[in-house]
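Report on the structure given below.
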Amino acid sequence: KAGVTQTPRYLIKTRGQQVTLSCSPISGHRSVSWYQQTPGQGLQFLFEYFSETQRNKGNFPGRFSGRQFSNSRSEMNVSTLELGDSALYLCASSRDSPDLGEKLFFGSGTQLSVL
Amino acid sequence: AQKVTQAQTEISVVEKEDVTLDCVYETRDTTYYLFWYKQPPSGELVFLIRRNSFDEQNEISGRYSWNFQKSTSSFNFTITASQVVDSAVYFCALKGGSGGSNYKLTFGKGTLLTVNP
(Lines give C-alpha, C1' and ligand atoms only; values in the text may rest on other atoms or scores of the structure.)
Protein backbone atom coordinates (compact mmCIF):
# COMPACT_ATOMS: atom_id res chain seq x y z
CA LYS A 1 0.00 0.00 0.00
CA ALA A 2 1.51 3.31 -1.07
CA GLY A 3 2.10 5.91 1.61
CA VAL A 4 1.27 9.58 1.60
CA THR A 5 2.87 11.19 -1.44
CA GLN A 6 3.85 14.83 -1.54
CA THR A 7 5.11 16.71 -4.56
CA PRO A 8 7.40 18.39 -5.21
CA ARG A 9 10.01 17.35 -2.66
CA TYR A 10 11.92 20.63 -2.91
CA LEU A 11 10.87 24.04 -4.11
CA ILE A 12 12.67 27.36 -4.38
CA LYS A 13 10.67 30.53 -4.86
CA THR A 14 11.23 34.25 -4.50
CA ARG A 15 9.34 36.69 -2.35
CA GLY A 16 5.99 37.74 -3.75
CA GLN A 17 5.47 34.60 -5.80
CA GLN A 18 2.85 32.01 -5.09
CA VAL A 19 3.24 28.27 -4.72
CA THR A 20 1.04 25.18 -4.84
CA LEU A 21 1.91 21.98 -3.01
CA SER A 22 0.26 18.66 -3.68
CA CYS A 23 -0.61 15.71 -1.46
CA SER A 24 -1.99 12.29 -2.35
CA PRO A 25 -3.28 10.44 0.72
CA ILE A 26 -3.14 6.73 1.36
CA SER A 27 -5.80 4.93 -0.64
CA GLY A 28 -9.04 4.86 1.33
CA HIS A 29 -8.09 7.76 3.58
CA ARG A 30 -10.55 10.62 3.41
CA SER A 31 -9.04 13.10 5.84
CA VAL A 32 -6.04 15.19 4.86
CA SER A 33 -4.31 17.70 7.08
CA TRP A 34 -1.36 20.01 6.58
CA TYR A 35 1.37 21.09 8.98
CA GLN A 36 4.15 23.62 8.72
CA GLN A 37 7.48 22.77 10.35
CA THR A 38 10.10 25.44 11.07
CA PRO A 39 13.10 25.40 13.42
CA GLY A 40 11.66 28.24 15.46
CA GLN A 41 7.97 27.37 15.71
CA GLY A 42 8.14 23.62 15.36
CA LEU A 43 5.16 21.76 13.90
CA GLN A 44 2.07 23.89 13.49
CA PHE A 45 -1.33 22.87 12.21
CA LEU A 46 -2.47 24.61 9.03
CA PHE A 47 -5.80 23.02 8.11
CA GLU A 48 -7.70 19.77 7.79
CA TYR A 49 -10.04 18.59 5.05
CA PHE A 50 -12.62 15.87 4.84
CA SER A 51 -14.89 15.22 1.88
CA GLU A 52 -13.75 18.43 0.19
CA THR A 53 -14.70 20.49 3.26
CA GLN A 54 -12.31 22.33 5.52
CA ARG A 55 -13.17 21.28 9.07
CA ASN A 56 -10.52 23.12 11.00
CA LYS A 57 -7.99 25.84 10.34
CA GLY A 58 -4.91 26.86 12.26
CA ASN A 59 -3.77 30.34 13.08
CA PHE A 60 -2.24 31.32 9.76
CA PRO A 61 -2.91 34.33 7.54
CA GLY A 62 -5.30 34.16 4.62
CA ARG A 63 -2.36 33.81 2.22
CA PHE A 64 -2.43 30.15 3.17
CA SER A 65 -5.26 28.23 1.60
CA GLY A 66 -6.07 24.71 0.61
CA ARG A 67 -8.58 22.47 -1.01
CA GLN A 68 -9.46 18.84 -1.33
CA PHE A 69 -10.69 17.07 -4.41
CA SER A 70 -13.31 14.35 -4.73
CA ASN A 71 -10.57 11.70 -4.86
CA SER A 72 -9.27 13.00 -1.49
CA ARG A 73 -6.11 14.46 -3.01
CA SER A 74 -5.31 17.84 -1.55
CA GLU A 75 -3.43 20.95 -2.51
CA MET A 76 -2.30 23.88 -0.46
CA ASN A 77 -1.47 27.28 -1.83
CA VAL A 78 0.58 30.09 -0.42
CA SER A 79 0.28 33.45 -2.14
CA THR A 80 2.57 36.46 -1.89
CA LEU A 81 5.38 34.45 -0.40
CA GLU A 82 7.42 35.88 2.45
CA LEU A 83 10.85 34.84 3.68
CA GLY A 84 9.23 33.45 6.83
CA ASP A 85 7.23 30.97 4.77
CA SER A 86 10.39 28.93 4.25
CA ALA A 87 9.60 25.64 5.93
CA LEU A 88 8.95 21.95 5.56
CA TYR A 89 5.29 21.45 4.73
CA LEU A 90 3.97 18.09 5.83
CA CYS A 91 0.78 16.45 4.71
CA ALA A 92 -0.93 13.73 6.73
CA SER A 93 -3.86 11.46 6.00
CA SER A 94 -6.13 9.31 8.10
CA ARG A 95 -9.20 7.16 7.66
CA ASP A 96 -11.29 9.53 9.77
CA SER A 97 -13.07 6.80 11.63
CA PRO A 98 -15.13 7.83 14.69
CA ASP A 99 -12.13 6.82 16.77
CA LEU A 100 -10.60 10.01 18.17
CA GLY A 101 -7.30 8.23 18.39
CA GLU A 102 -7.12 7.57 14.67
CA LYS A 103 -3.45 7.99 13.87
CA LEU A 104 -2.10 10.22 11.15
CA PHE A 105 0.20 8.97 8.43
CA PHE A 106 2.64 11.58 7.20
CA GLY A 107 4.36 12.18 3.91
CA SER A 108 8.02 13.17 3.59
CA GLY A 109 7.08 16.78 3.06
CA THR A 110 7.85 19.57 0.65
CA GLN A 111 10.82 21.71 1.60
CA LEU A 112 10.02 25.27 0.51
CA SER A 113 12.75 27.88 0.38
CA VAL A 114 11.78 31.49 -0.20
CA LEU A 115 14.62 33.75 -1.37
CA ALA B 1 -5.95 25.77 24.83
CA GLN B 2 -3.82 22.73 24.42
CA LYS B 3 -0.09 22.62 24.96
CA VAL B 4 2.66 20.04 24.80
CA THR B 5 6.07 20.67 26.35
CA GLN B 6 9.20 18.71 25.61
CA ALA B 7 11.75 20.37 27.83
CA GLN B 8 14.72 18.47 26.41
CA THR B 9 15.79 20.09 23.16
CA GLU B 10 18.72 17.77 22.53
CA ILE B 11 20.01 14.59 24.14
CA SER B 12 23.22 12.81 23.29
CA VAL B 13 23.98 9.30 24.54
CA VAL B 14 26.39 6.52 23.81
CA GLU B 15 25.07 3.35 22.23
CA LYS B 16 23.52 0.85 24.70
CA GLU B 17 22.63 3.56 27.19
CA ASP B 18 19.02 3.93 28.27
CA VAL B 19 17.40 7.28 27.56
CA THR B 20 14.10 8.85 28.60
CA LEU B 21 12.36 11.58 26.62
CA ASP B 22 10.02 13.74 28.67
CA CYS B 23 6.62 15.03 27.61
CA VAL B 24 4.22 17.18 29.65
CA TYR B 25 0.86 18.25 28.31
CA GLU B 26 -2.00 20.61 29.11
CA THR B 27 -5.61 20.22 28.06
CA ARG B 28 -9.09 20.93 29.40
CA ASP B 29 -10.56 17.99 27.53
CA THR B 30 -11.46 14.94 29.58
CA THR B 31 -11.12 12.73 26.53
CA TYR B 32 -7.91 13.02 24.59
CA TYR B 33 -5.16 11.02 22.96
CA LEU B 34 -1.41 11.27 23.28
CA PHE B 35 1.00 10.23 20.57
CA TRP B 36 4.70 9.83 19.97
CA TYR B 37 6.18 10.26 16.51
CA LYS B 38 9.74 9.79 15.27
CA GLN B 39 11.20 11.98 12.53
CA PRO B 40 14.34 10.61 10.88
CA PRO B 41 16.45 12.81 8.58
CA SER B 42 14.21 11.85 5.64
CA GLY B 43 11.55 14.11 7.14
CA GLU B 44 8.61 11.75 7.35
CA LEU B 45 6.96 11.50 10.75
CA VAL B 46 6.66 7.88 11.81
CA PHE B 47 3.95 6.90 14.29
CA LEU B 48 5.23 5.09 17.38
CA ILE B 49 2.39 4.88 19.88
CA ARG B 50 -0.91 6.37 20.99
CA ARG B 51 -2.57 6.32 24.37
CA ASN B 52 -6.04 7.52 25.34
CA SER B 53 -6.77 9.52 28.45
CA PHE B 54 -8.56 6.64 30.16
CA ASP B 55 -5.78 4.12 29.78
CA GLU B 56 -2.88 4.70 32.14
CA GLN B 57 -1.29 1.33 31.60
CA ASN B 58 2.34 1.52 30.70
CA GLU B 59 3.32 -0.08 27.44
CA ILE B 60 6.42 -1.86 26.26
CA SER B 61 7.28 -2.61 22.66
CA GLY B 62 10.67 -4.17 22.25
CA ARG B 63 13.24 -1.63 23.41
CA TYR B 64 10.60 1.10 23.65
CA SER B 65 8.41 1.78 26.66
CA TRP B 66 5.99 4.52 27.59
CA ASN B 67 4.91 5.81 30.99
CA PHE B 68 1.61 7.73 31.11
CA GLN B 69 0.72 9.49 34.35
CA LYS B 70 -2.40 11.65 34.38
CA SER B 71 -1.60 12.94 37.87
CA THR B 72 1.45 14.72 36.51
CA SER B 73 0.15 15.18 32.93
CA SER B 74 3.16 13.37 31.58
CA PHE B 75 3.71 10.81 28.86
CA ASN B 76 7.37 9.87 28.90
CA PHE B 77 9.17 7.65 26.41
CA THR B 78 12.12 5.41 27.27
CA ILE B 79 14.46 3.69 24.86
CA THR B 80 16.39 0.85 26.44
CA ALA B 81 19.82 -0.11 25.12
CA SER B 82 19.80 2.67 22.54
CA GLN B 83 21.17 2.10 19.06
CA VAL B 84 22.58 4.44 16.43
CA VAL B 85 19.44 3.89 14.33
CA ASP B 86 17.41 5.50 17.12
CA SER B 87 18.97 8.86 16.27
CA ALA B 88 16.12 11.13 15.20
CA VAL B 89 13.83 13.89 16.39
CA TYR B 90 11.04 12.61 18.60
CA PHE B 91 7.75 14.44 18.94
CA CYS B 92 5.07 14.11 21.54
CA ALA B 93 1.60 15.20 20.41
CA LEU B 94 -1.90 15.67 21.80
CA LYS B 95 -5.30 15.37 20.15
CA GLY B 96 -8.22 16.70 22.13
CA GLY B 97 -11.83 15.63 22.05
CA SER B 98 -13.69 18.88 21.55
CA GLY B 99 -13.88 22.27 19.88
CA GLY B 100 -12.30 21.23 16.65
CA SER B 101 -9.19 20.08 18.43
CA ASN B 102 -10.16 16.56 17.55
CA TYR B 103 -9.15 17.29 13.98
CA LYS B 104 -5.59 18.29 14.69
CA LEU B 105 -2.48 17.30 16.55
CA THR B 106 -0.76 19.74 18.88
CA PHE B 107 2.93 18.94 18.87
CA GLY B 108 5.73 19.60 21.30
CA LYS B 109 8.88 21.22 19.93
CA GLY B 110 10.61 17.86 19.68
CA THR B 111 13.72 16.29 21.19
CA LEU B 112 16.73 15.60 19.00
CA LEU B 113 18.25 12.33 20.11
CA THR B 114 21.75 11.50 18.97
CA VAL B 115 23.09 8.04 19.72
CA ASN B 116 26.84 7.83 19.27
CA PRO B 117 28.62 4.56 18.55
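Identifiers in this document derive from the order of the C-alpha coordinates: chains are assigned A, B, ..., residues are numbered from 1 separately in each chain, and ligands are numbered from 1 in order of occurrence.
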Shell of 12 Å around Gln57 in chain B, only C-alpha atoms, local chain residues under 3 positions omitted, as an MDAnalysis selection string: chainID B and resid 50:54 60 65:70 75
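Within 8 Å of range 16-30 of chain A, once only C-alpha atoms are used and residues closer than 6 positions along the same chain are dropped, the contacting residues are Lys1, Ala2, Gly3, Val4, Thr5, Gln6, Thr7, Pro8, Phe50, Ser51, Ser72, Arg73, Ser74, Glu75, Met76, Asn77, Val78, Ser79, Thr80, Leu81, Glu82, Cys91, Ala92, Ser93, Ser94, Arg95, Asp96 and Thr110 of chain A.
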Determine, for each residue of chain B having at least one atom at most 12 Å from an atom of chain A, the closest pair of atoms and their separation in Å to one decimal, counting only C-alpha atoms; order by chain and ascending number, as CSV.
```
residue,atom,partner,partner_atom,distance
B:Lys3,CA,A:Gln44,CA,11.7
B:Val4,CA,A:Leu43,CA,11.3
B:Thr5,CA,A:Gly42,CA,11.6
B:Gln6,CA,A:Gly42,CA,11.4
B:Thr9,CA,A:Pro39,CA,11.4
B:Thr31,CA,A:Leu100,CA,8.8
B:Tyr32,CA,A:Leu100,CA,7.6
B:Tyr33,CA,A:Gly101,CA,5.8
B:Leu34,CA,A:Gly101,CA,8.2
B:Phe35,CA,A:Lys103,CA,8.4
B:Trp36,CA,A:Lys103,CA,10.3
B:Tyr37,CA,A:Leu104,CA,9.9
B:Lys38,CA,A:Phe106,CA,10.9
B:Gln39,CA,A:Ser108,CA,9.6
B:Pro40,CA,A:Ser108,CA,10.0
B:Pro41,CA,A:Ser108,CA,9.8
B:Ser42,CA,A:Ser108,CA,6.6
B:Gly43,CA,A:Ser108,CA,5.1
B:Glu44,CA,A:Ser108,CA,4.1
B:Leu45,CA,A:Phe106,CA,5.6
B:Val46,CA,A:Phe106,CA,7.1
B:Phe47,CA,A:Phe105,CA,7.3
B:Leu48,CA,A:Lys103,CA,9.8
B:Ile49,CA,A:Lys103,CA,8.9
B:Arg50,CA,A:Gly101,CA,7.1
B:Arg51,CA,A:Gly101,CA,7.9
B:Asn52,CA,A:Gly101,CA,7.1
B:Ser53,CA,A:Gly101,CA,10.2
B:Phe54,CA,A:Gly101,CA,12.0
B:Val89,CA,A:Gly42,CA,11.3
B:Tyr90,CA,A:Gly42,CA,11.8
B:Phe91,CA,A:Leu43,CA,9.3
B:Cys92,CA,A:Leu43,CA,10.8
B:Ala93,CA,A:Leu43,CA,9.9
B:Leu94,CA,A:Gly101,CA,9.8
B:Lys95,CA,A:Gly101,CA,7.6
B:Gly96,CA,A:Leu100,CA,8.1
B:Gly97,CA,A:Leu100,CA,6.9
B:Ser98,CA,A:Leu100,CA,10.0
B:Gly99,CA,A:Asn56,CA,9.5
B:Gly100,CA,A:Asn56,CA,6.2
B:Ser101,CA,A:Asn56,CA,8.1
B:Asn102,CA,A:Leu100,CA,6.6
B:Tyr103,CA,A:Asn56,CA,6.7
B:Lys104,CA,A:Phe45,CA,6.7
B:Leu105,CA,A:Phe45,CA,7.2
B:Thr106,CA,A:Gln44,CA,7.4
B:Phe107,CA,A:Leu43,CA,6.1
B:Gly108,CA,A:Gly42,CA,7.6
B:Lys109,CA,A:Gly42,CA,5.2
B:Gly110,CA,A:Gly42,CA,7.6
B:Thr111,CA,A:Gly42,CA,10.9
B:Leu112,CA,A:Pro39,CA,11.8
```
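Here CA of Val114 in chain A and CA of Asp85 in chain A stand 6.8 Å from one another.
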